[in-house]
file target24.pdb (PDB, C-alpha atoms, pLDDT in the B column)
ATOM      1  CA  MET A   1     -12.810  38.520  -1.623  1.00 57.00           C
ATOM      2  CA  PRO A   2     -12.112  35.345  -3.624  1.00 60.00           C
ATOM      3  CA  LYS A   3     -12.611  32.011  -1.914  1.00 65.00           C
ATOM      4  CA  LYS A   4      -9.360  30.373  -0.770  1.00 72.00           C
ATOM      5  CA  VAL A   5      -8.954  26.870  -2.224  1.00 71.00           C
ATOM      6  CA  ASP A   6      -6.984  24.134  -0.492  1.00 81.00           C
ATOM      7  CA  HIS A   7      -5.464  22.378  -3.498  1.00 82.00           C
ATOM      8  CA  LEU A   8      -4.054  19.449  -1.530  1.00 82.00           C
ATOM      9  CA  GLU A   9      -7.488  18.863   0.030  1.00 87.00           C
ATOM     10  CA  ARG A  10      -9.108  18.845  -3.418  1.00 86.00           C
ATOM     11  CA  ARG A  11      -6.475  16.502  -4.840  1.00 83.00           C
ATOM     12  CA  THR A  12      -6.977  14.190  -1.864  1.00 82.00           C
ATOM     13  CA  LEU A  13     -10.788  14.335  -2.297  1.00 87.00           C
ATOM     14  CA  ILE A  14     -10.326  13.263  -5.916  1.00 87.00           C
ATOM     15  CA  ALA A  15      -7.778  10.572  -5.005  1.00 80.00           C
ATOM     16  CA  ASP A  16     -10.135   9.178  -2.342  1.00 84.00           C
ATOM     17  CA  ALA A  17     -12.894   9.025  -4.965  1.00 89.00           C
ATOM     18  CA  LEU A  18     -10.506   7.237  -7.331  1.00 83.00           C
ATOM     19  CA  MET A  19      -9.684   4.722  -4.601  1.00 80.00           C
ATOM     20  CA  ARG A  20     -13.371   4.066  -3.920  1.00 83.00           C
ATOM     21  CA  VAL A  21     -14.060   3.520  -7.625  1.00 85.00           C
ATOM     22  CA  ALA A  22     -11.032   1.223  -7.977  1.00 78.00           C
ATOM     23  CA  ALA A  23     -11.883  -0.715  -4.778  1.00 75.00           C
ATOM     24  CA  ASP A  24     -15.583  -1.091  -5.620  1.00 80.00           C
ATOM     25  CA  GLN A  25     -15.546  -1.491  -9.407  1.00 81.00           C
ATOM     26  CA  GLY A  26     -11.979  -2.319 -10.381  1.00 73.00           C
ATOM     27  CA  LEU A  27      -9.302  -0.292 -12.062  1.00 70.00           C
ATOM     28  CA  GLU A  28     -10.922  -0.546 -15.468  1.00 71.00           C
ATOM     29  CA  ALA A  29     -13.777   1.629 -14.147  1.00 75.00           C
ATOM     30  CA  VAL A  30     -11.392   4.440 -13.214  1.00 81.00           C
ATOM     31  CA  SER A  31     -11.858   7.329 -15.606  1.00 84.00           C
ATOM     32  CA  LEU A  32     -11.930  11.092 -15.178  1.00 86.00           C
ATOM     33  CA  ARG A  33     -15.723  11.005 -15.540  1.00 89.00           C
ATOM     34  CA  HIS A  34     -16.297   8.187 -13.011  1.00 90.00           C
ATOM     35  CA  VAL A  35     -13.914   9.712 -10.490  1.00 90.00           C
ATOM     36  CA  ALA A  36     -15.543  13.134 -10.861  1.00 92.00           C
ATOM     37  CA  ALA A  37     -18.987  11.639 -10.281  1.00 93.00           C
ATOM     38  CA  GLU A  38     -17.776   9.739  -7.198  1.00 92.00           C
ATOM     39  CA  ALA A  39     -16.107  12.885  -5.802  1.00 92.00           C
ATOM     40  CA  GLY A  40     -19.165  15.034  -6.549  1.00 93.00           C
ATOM     41  CA  VAL A  41     -17.165  17.458  -8.681  1.00 93.00           C
ATOM     42  CA  SER A  42     -16.980  18.302 -12.379  1.00 92.00           C
ATOM     43  CA  SER A  43     -14.781  16.425 -14.838  1.00 91.00           C
ATOM     44  CA  GLY A  44     -13.111  19.775 -15.512  1.00 91.00           C
ATOM     45  CA  MET A  45     -12.051  20.033 -11.882  1.00 89.00           C
ATOM     46  CA  VAL A  46     -10.546  16.556 -11.984  1.00 89.00           C
ATOM     47  CA  GLN A  47      -8.663  17.495 -15.165  1.00 90.00           C
ATOM     48  CA  HIS A  48      -7.453  20.694 -13.489  1.00 88.00           C
ATOM     49  CA  TYR A  49      -5.690  18.647 -10.808  1.00 85.00           C
ATOM     50  CA  PHE A  50      -4.806  15.535 -12.836  1.00 84.00           C
ATOM     51  CA  ARG A  51      -4.141  15.798 -16.562  1.00 86.00           C
ATOM     52  CA  THR A  52      -3.989  12.045 -17.068  1.00 83.00           C
ATOM     53  CA  LYS A  53      -5.127   8.804 -15.514  1.00 79.00           C
ATOM     54  CA  ASP A  54      -1.452   8.039 -14.742  1.00 78.00           C
ATOM     55  CA  GLU A  55      -1.223  11.212 -12.636  1.00 81.00           C
ATOM     56  CA  MET A  56      -4.411  10.261 -10.756  1.00 79.00           C
ATOM     57  CA  MET A  57      -3.178   6.732 -10.157  1.00 78.00           C
ATOM     58  CA  THR A  58       0.238   7.897  -8.958  1.00 77.00           C
ATOM     59  CA  PHE A  59      -1.309  10.354  -6.520  1.00 78.00           C
ATOM     60  CA  ALA A  60      -3.777   7.749  -5.219  1.00 75.00           C
ATOM     61  CA  LEU A  61      -0.915   5.340  -4.626  1.00 77.00           C
ATOM     62  CA  SER A  62       0.953   8.051  -2.704  1.00 79.00           C
ATOM     63  CA  VAL A  63      -2.125   8.458  -0.479  1.00 78.00           C
ATOM     64  CA  VAL A  64      -2.142   4.682   0.155  1.00 78.00           C
ATOM     65  CA  ARG A  65       1.589   4.840   0.866  1.00 83.00           C
ATOM     66  CA  GLU A  66       1.048   7.644   3.417  1.00 87.00           C
ATOM     67  CA  ARG A  67      -1.735   5.679   5.125  1.00 86.00           C
ATOM     68  CA  ASN A  68       0.509   2.614   5.280  1.00 88.00           C
ATOM     69  CA  GLN A  69       3.319   4.683   6.751  1.00 92.00           C
ATOM     70  CA  VAL A  70       1.024   6.007   9.485  1.00 94.00           C
ATOM     71  CA  ARG A  71      -0.200   2.473  10.282  1.00 94.00           C
ATOM     72  CA  VAL A  72       3.369   1.137  10.453  1.00 94.00           C
ATOM     73  CA  THR A  73       4.606   4.049  12.568  1.00 95.00           C
ATOM     74  CA  GLU A  74       1.742   3.661  15.050  1.00 96.00           C
ATOM     75  CA  ALA A  75       2.153  -0.127  15.248  1.00 96.00           C
ATOM     76  CA  VAL A  76       5.914   0.115  15.789  1.00 96.00           C
ATOM     77  CA  ALA A  77       5.438   2.789  18.459  1.00 96.00           C
ATOM     78  CA  ARG A  78       3.221   0.373  20.407  1.00 96.00           C
ATOM     79  CA  LEU A  79       6.182  -2.042  20.604  1.00 95.00           C
ATOM     80  CA  GLY A  80       8.061   0.323  22.876  1.00 93.00           C
ATOM     81  CA  GLU A  81      11.777   0.981  22.821  1.00 92.00           C
ATOM     82  CA  ARG A  82      14.184  -1.546  21.317  1.00 92.00           C
ATOM     83  CA  PRO A  83      11.872  -4.290  20.060  1.00 94.00           C
ATOM     84  CA  SER A  84      13.523  -7.470  18.854  1.00 94.00           C
ATOM     85  CA  PRO A  85      14.217  -7.563  15.090  1.00 95.00           C
ATOM     86  CA  ARG A  86      11.668 -10.385  14.695  1.00 95.00           C
ATOM     87  CA  ALA A  87       8.946  -8.459  16.562  1.00 96.00           C
ATOM     88  CA  LEU A  88       9.747  -5.342  14.539  1.00 96.00           C
ATOM     89  CA  LEU A  89       9.518  -7.174  11.212  1.00 96.00           C
ATOM     90  CA  ARG A  90       6.317  -8.985  12.156  1.00 97.00           C
ATOM     91  CA  THR A  91       4.734  -5.702  13.230  1.00 97.00           C
ATOM     92  CA  ILE A  92       5.746  -3.900  10.037  1.00 96.00           C
ATOM     93  CA  VAL A  93       4.540  -6.657   7.719  1.00 96.00           C
ATOM     94  CA  ALA A  94       1.298  -7.195   9.650  1.00 97.00           C
ATOM     95  CA  ALA A  95       0.586  -3.453   9.503  1.00 96.00           C
ATOM     96  CA  LEU A  96       0.986  -3.539   5.715  1.00 95.00           C
ATOM     97  CA  LEU A  97      -1.209  -6.591   5.135  1.00 96.00           C
ATOM     98  CA  PRO A  98      -4.895  -6.055   4.233  1.00 95.00           C
ATOM     99  CA  LEU A  99      -6.212  -7.697   7.407  1.00 95.00           C
ATOM    100  CA  ASP A 100      -9.424  -5.671   7.840  1.00 91.00           C
ATOM    101  CA  GLU A 101     -11.947  -3.864   5.651  1.00 85.00           C
ATOM    102  CA  HIS A 102     -10.187  -0.488   5.801  1.00 82.00           C
ATOM    103  CA  THR A 103      -6.798  -1.896   4.863  1.00 89.00           C
ATOM    104  CA  ARG A 104      -8.418  -4.127   2.215  1.00 89.00           C
ATOM    105  CA  ASP A 105      -9.613  -1.009   0.363  1.00 81.00           C
ATOM    106  CA  ASP A 106      -6.059   0.349   0.314  1.00 81.00           C
ATOM    107  CA  GLY A 107      -4.784  -3.113  -0.659  1.00 86.00           C
ATOM    108  CA  ARG A 108      -7.180  -3.287  -3.604  1.00 82.00           C
ATOM    109  CA  VAL A 109      -5.941   0.060  -4.866  1.00 78.00           C
ATOM    110  CA  ALA A 110      -2.299  -0.972  -4.456  1.00 81.00           C
ATOM    111  CA  LEU A 111      -2.948  -4.262  -6.266  1.00 83.00           C
ATOM    112  CA  ALA A 112      -4.806  -2.451  -9.036  1.00 78.00           C
ATOM    113  CA  PHE A 113      -1.873  -0.066  -9.384  1.00 79.00           C
ATOM    114  CA  LEU A 114       0.563  -2.993  -9.636  1.00 82.00           C
ATOM    115  CA  ALA A 115      -1.548  -4.472 -12.420  1.00 81.00           C
ATOM    116  CA  TYR A 116      -1.736  -1.054 -14.085  1.00 78.00           C
ATOM    117  CA  THR A 117       2.051  -0.658 -14.043  1.00 81.00           C
ATOM    118  CA  ALA A 118       2.513  -4.130 -15.532  1.00 82.00           C
ATOM    119  CA  VAL A 119       1.255  -2.731 -18.837  1.00 82.00           C
ATOM    120  CA  ARG A 120       2.512   0.844 -18.300  1.00 79.00           C
ATOM    121  CA  PRO A 121       6.086   0.493 -17.010  1.00 78.00           C
ATOM    122  CA  ALA A 122       6.667   4.254 -17.077  1.00 76.00           C
ATOM    123  CA  ALA A 123       4.046   4.634 -14.331  1.00 73.00           C
ATOM    124  CA  ALA A 124       6.058   2.299 -12.072  1.00 76.00           C
ATOM    125  CA  THR A 125       9.135   4.493 -11.577  1.00 78.00           C
ATOM    126  CA  GLY A 126       8.232   5.506  -8.010  1.00 75.00           C
ATOM    127  CA  LEU A 127       7.124   1.984  -7.219  1.00 79.00           C
ATOM    128  CA  ARG A 128      10.520   0.562  -8.226  1.00 83.00           C
ATOM    129  CA  GLU A 129      12.253   3.081  -5.968  1.00 86.00           C
ATOM    130  CA  ASP A 130       9.913   2.240  -3.064  1.00 85.00           C
ATOM    131  CA  THR A 131      10.532  -1.486  -3.538  1.00 88.00           C
ATOM    132  CA  GLY A 132      14.296  -1.006  -3.483  1.00 91.00           C
ATOM    133  CA  GLN A 133      14.081   1.107  -0.328  1.00 92.00           C
ATOM    134  CA  MET A 134      11.816  -1.441   1.375  1.00 92.00           C
ATOM    135  CA  VAL A 135      14.128  -4.351   0.544  1.00 94.00           C
ATOM    136  CA  GLY A 136      17.087  -2.345   1.832  1.00 95.00           C
ATOM    137  CA  PHE A 137      15.293  -1.478   5.051  1.00 94.00           C
ATOM    138  CA  LEU A 138      14.187  -5.063   5.675  1.00 94.00           C
ATOM    139  CA  ALA A 139      17.705  -6.323   4.935  1.00 95.00           C
ATOM    140  CA  SER A 140      19.104  -3.940   7.553  1.00 94.00           C
ATOM    141  CA  ILE A 141      16.997  -5.702  10.196  1.00 93.00           C
ATOM    142  CA  LEU A 142      17.409  -9.301   9.055  1.00 92.00           C
ATOM    143  CA  PRO A 143      20.234 -11.514  10.308  1.00 87.00           C
ATOM    144  CA  GLY A 144      22.859 -13.293   8.256  1.00 83.00           C
ATOM    145  CA  PRO A 145      24.969 -12.759   5.167  1.00 85.00           C
ATOM    146  CA  GLU A 146      22.008 -13.391   2.828  1.00 89.00           C
ATOM    147  CA  ALA A 147      19.858 -10.629   4.384  1.00 92.00           C
ATOM    148  CA  GLY A 148      19.196  -9.010   0.988  1.00 93.00           C
ATOM    149  CA  ASP A 149      17.761 -12.214  -0.459  1.00 94.00           C
ATOM    150  CA  ALA A 150      15.788 -12.860   2.735  1.00 93.00           C
ATOM    151  CA  ALA A 151      14.393  -9.310   2.572  1.00 95.00           C
ATOM    152  CA  ALA A 152      13.323  -9.753  -1.055  1.00 95.00           C
ATOM    153  CA  GLY A 153      11.682 -13.062  -0.101  1.00 95.00           C
ATOM    154  CA  LEU A 154       9.892 -11.500   2.857  1.00 96.00           C
ATOM    155  CA  LEU A 155       8.582  -8.690   0.654  1.00 95.00           C
ATOM    156  CA  ALA A 156       7.390 -11.234  -1.930  1.00 95.00           C
ATOM    157  CA  LEU A 157       5.727 -13.246   0.844  1.00 97.00           C
ATOM    158  CA  MET A 158       3.965 -10.115   2.081  1.00 95.00           C
ATOM    159  CA  GLU A 159       2.710  -9.282  -1.421  1.00 94.00           C
ATOM    160  CA  GLY A 160       1.525 -12.861  -1.960  1.00 96.00           C
ATOM    161  CA  LEU A 161      -0.252 -12.957   1.376  1.00 97.00           C
ATOM    162  CA  GLY A 162      -1.875  -9.647   0.481  1.00 95.00           C
ATOM    163  CA  VAL A 163      -3.210 -11.086  -2.773  1.00 95.00           C
ATOM    164  CA  TYR A 164      -4.532 -14.181  -0.960  1.00 96.00           C
ATOM    165  CA  LEU A 165      -6.191 -12.013   1.685  1.00 96.00           C
ATOM    166  CA  LEU A 166      -7.804  -9.778  -0.944  1.00 93.00           C
ATOM    167  CA  GLY A 167      -8.984 -12.818  -2.916  1.00 93.00           C
ATOM    168  CA  GLY A 168     -10.425 -14.491   0.165  1.00 95.00           C
ATOM    169  CA  GLN A 169      -8.161 -17.557  -0.071  1.00 97.00           C
ATOM    170  CA  TYR A 170      -6.658 -16.783   3.360  1.00 97.00           C
ATOM    171  CA  THR A 171      -8.149 -15.410   6.531  1.00 96.00           C
ATOM    172  CA  ALA A 172      -6.223 -12.881   8.596  1.00 96.00           C
ATOM    173  CA  GLU A 173      -5.340 -15.660  11.049  1.00 97.00           C
ATOM    174  CA  GLN A 174      -3.997 -17.918   8.295  1.00 97.00           C
ATOM    175  CA  ALA A 175      -1.902 -15.124   6.800  1.00 97.00           C
ATOM    176  CA  LEU A 176      -0.387 -14.225  10.176  1.00 97.00           C
ATOM    177  CA  SER A 177       0.346 -17.899  10.849  1.00 97.00           C
ATOM    178  CA  VAL A 178       2.206 -18.167   7.524  1.00 97.00           C
ATOM    179  CA  LEU A 179       4.105 -14.974   8.321  1.00 97.00           C
ATOM    180  CA  ASP A 180       5.084 -16.323  11.747  1.00 96.00           C
ATOM    181  CA  ALA A 181       6.276 -19.604  10.248  1.00 95.00           C
ATOM    182  CA  HIS A 182       8.395 -17.737   7.704  1.00 95.00           C
ATOM    183  CA  LEU A 183       9.900 -15.476  10.373  1.00 95.00           C
ATOM    184  CA  ASP A 184      10.682 -18.583  12.449  1.00 93.00           C
ATOM    185  CA  MET A 185      12.672 -19.977   9.508  1.00 91.00           C
ATOM    186  CA  ILE A 186      14.592 -16.719   9.133  1.00 90.00           C
ATOM    187  CA  PHE A 187      15.336 -16.135  12.792  1.00 89.00           C
ATOM    188  CA  ASP A 188      15.716 -19.738  13.918  1.00 80.00           C
ATOM    189  CA  PRO A 189      16.917 -21.817  10.951  1.00 68.00           C
ATOM    190  CA  ALA A 190      17.250 -24.886  13.208  1.00 64.00           C
ATOM    191  CA  ARG A 191      13.418 -24.949  13.379  1.00 56.00           C
ATOM    192  CA  SER A 192      12.948 -25.028   9.598  1.00 52.00           C
ATOM    193  CA  PRO A 193      12.037 -28.334   7.951  1.00 52.00           C
TER     194      PRO A 193
END
call {"tool": "encode", "arguments": {"input": "target24.pdb", "output": "C-alpha cells"}}
result
Amino acid sequence: MPKKVDHLERRTLIADALMRVAADQGLEAVSLRHVAAEAGVSSGMVQHYFRTKDEMMTFALSVVRERNQVRVTEAVARLGERPSPRALLRTIVAALLPLDEHTRDDGRVALAFLAYTAVRPAAATGLREDTGQMVGFLASILPGPEAGDAAAGLLALMEGLGVYLLGGQYTAEQALSVLDAHLDMIFDPARSP
C-alpha cells in the first residue's frame, strides 16, 4: 500500500525551513537548494511543492500571517467581552510587534518579504489586499471623522516600531511606550502636545 503524504505538512515543513534560512541568513540566502538542505529534503521535493522562489516566499508569508492571527486572537480573547477600543487596538498591535525571540523570527521573515516585494511588485498582490483590510479594520475601531488616516498612521507606526525592534534600536518596553503615547493622542487629543 503506498504511503499517504500530507502535502500541507510538507509545504509547511519547507516554509518553516525557508523562514529559518531567511531569519538566520537573510533573504538573499533563500534558494531552493538552501531551503531543501535546511528542511532535510531534496531540492526536487522543494520544486515539487514550490516552482519558484516567489511561490515559496508567498507561502512562508501566509504561515507568518496565520501565526500572527492566532497570536492576535488569543490576546484579544484574554481581554474578555467588550474591551474598550483603545485596549483592543493596543492588544492587536502589541500582538503583531516582534517583542520576543519567537515573534522576531516571524518579523524578520515579514520584513524580508516586504523588501522582496519592493523589487518584485507582482509578488505583493496579497500583501496590498492585507494592508487594505487591516487599515479598514483599524479604522472601524478608531474614533473620529479621520479614522482612515489615523488607521493608516497606526499601521505605519506599527511597521516602524517593528523595524526598530528588529534592528535593536528599541527595546520592547520603549516600543510599547511609544505605542501608548500614540494611542493617547488618538483617543485623548487634549493630551497631545
call {"tool": "resolve_selection", "arguments": {"input": "target24.pdb", "expression": "the PyMOL selection byres ((chain A and resi 160-164) around 8)", "output": "PyMOL selection string"}}
result
chain A and resi 97-98+107+111+156-159+165-170+175
call {"tool": "write_last_selection", "arguments": {"input": "target24.pdb", "atoms": "C-alpha atoms", "output": "mmCIF file, keeping the file's coordinate frame"}}
result
data_model
loop_
_atom_site.group_PDB
_atom_site.id
_atom_site.type_symbol
_atom_site.label_atom_id
_atom_site.label_comp_id
_atom_site.auth_asym_id
_atom_site.auth_seq_id
_atom_site.Cartn_x
_atom_site.Cartn_y
_atom_site.Cartn_z
ATOM 1 C CA LEU A 97 -1.209 -6.591 5.135
ATOM 2 C CA PRO A 98 -4.895 -6.055 4.233
ATOM 3 C CA GLY A 107 -4.784 -3.113 -0.659
ATOM 4 C CA LEU A 111 -2.948 -4.262 -6.266
ATOM 5 C CA ALA A 156 7.390 -11.234 -1.930
ATOM 6 C CA LEU A 157 5.727 -13.246 0.844
ATOM 7 C CA MET A 158 3.965 -10.115 2.081
ATOM 8 C CA GLU A 159 2.710 -9.282 -1.421
ATOM 9 C CA LEU A 165 -6.191 -12.013 1.685
ATOM 10 C CA LEU A 166 -7.804 -9.778 -0.944
ATOM 11 C CA GLY A 167 -8.984 -12.818 -2.916
ATOM 12 C CA GLY A 168 -10.425 -14.491 0.165
ATOM 13 C CA GLN A 169 -8.161 -17.557 -0.071
ATOM 14 C CA TYR A 170 -6.658 -16.783 3.360
ATOM 15 C CA ALA A 175 -1.902 -15.124 6.800
#
call {"tool": "closest_atom_pairs", "arguments": {"input": "target24.pdb", "of": "stretch 47-138 of chain A", "to": "stretch 177-182 of chain A", "cutoff": "12 Å", "atoms": "only C-alpha atoms", "output": "Markdown table"}}
result
| residue | atom | partner | partner_atom | distance |
| --- | --- | --- | --- | --- |
| A:Arg86 | CA | A:Asp180 | CA | 9.3 |
| A:Ala87 | CA | A:Asp180 | CA | 10.0 |
| A:Leu89 | CA | A:Leu179 | CA | 9.9 |
| A:Arg90 | CA | A:Leu179 | CA | 7.4 |
| A:Thr91 | CA | A:Leu179 | CA | 10.5 |
| A:Ile92 | CA | A:Leu179 | CA | 11.3 |
| A:Val93 | CA | A:Leu179 | CA | 8.4 |
| A:Ala94 | CA | A:Leu179 | CA | 8.4 |
| A:Leu97 | CA | A:Leu179 | CA | 10.4 |
call {"tool": "resolve_selection", "arguments": {"input": "target24.pdb", "expression": "the PyMOL selection byres ((chain A and resi 142-150) around 12)", "output": "ChimeraX atom specification"}}
result
/A:84-90,132-141,151-157,182-189
call {"tool": "resolve_selection", "arguments": {"input": "target24.pdb", "expression": "the PyMOL selection byres ((chain A and resi 108) around 9)", "output": "compact mmCIF listing (two decimals) with C-alpha atoms, in the coordinates of the input"}}
result
# COMPACT_ATOMS: atom_id res chain seq x y z
CA MET A 19 -9.68 4.72 -4.60
CA ALA A 22 -11.03 1.22 -7.98
CA ALA A 23 -11.88 -0.72 -4.78
CA ASP A 24 -15.58 -1.09 -5.62
CA GLY A 26 -11.98 -2.32 -10.38
CA PRO A 98 -4.89 -6.06 4.23
CA THR A 103 -6.80 -1.90 4.86
CA ARG A 104 -8.42 -4.13 2.22
CA ASP A 105 -9.61 -1.01 0.36
CA ASP A 106 -6.06 0.35 0.31
CA GLY A 107 -4.78 -3.11 -0.66
CA VAL A 109 -5.94 0.06 -4.87
CA ALA A 110 -2.30 -0.97 -4.46
CA LEU A 111 -2.95 -4.26 -6.27
CA ALA A 112 -4.81 -2.45 -9.04
CA PHE A 113 -1.87 -0.07 -9.38
CA VAL A 163 -3.21 -11.09 -2.77
CA LEU A 166 -7.80 -9.78 -0.94
call {"tool": "residues_around", "arguments": {"input": "target24.pdb", "residues": "A:Gly126", "least_positions_apart": "4", "cutoff": "9 Å", "atoms": "only C-alpha atoms", "output": "PDB file with C-alpha atoms, in the frame of the given file"}}
result
ATOM      1  CA  THR A  58       0.238   7.897  -8.958  1.00 77.00           C
ATOM      2  CA  ASP A 130       9.913   2.240  -3.064  1.00 85.00           C
ATOM      3  CA  THR A 131      10.532  -1.486  -3.538  1.00 88.00           C
TER       4      THR A 131
END
call {"tool": "atom_distance", "arguments": {"input": "target24.pdb", "atom1": "atom CA of A:Gln47", "atom2": "atom CA of A:Ala60"}}
result
14.8 Å
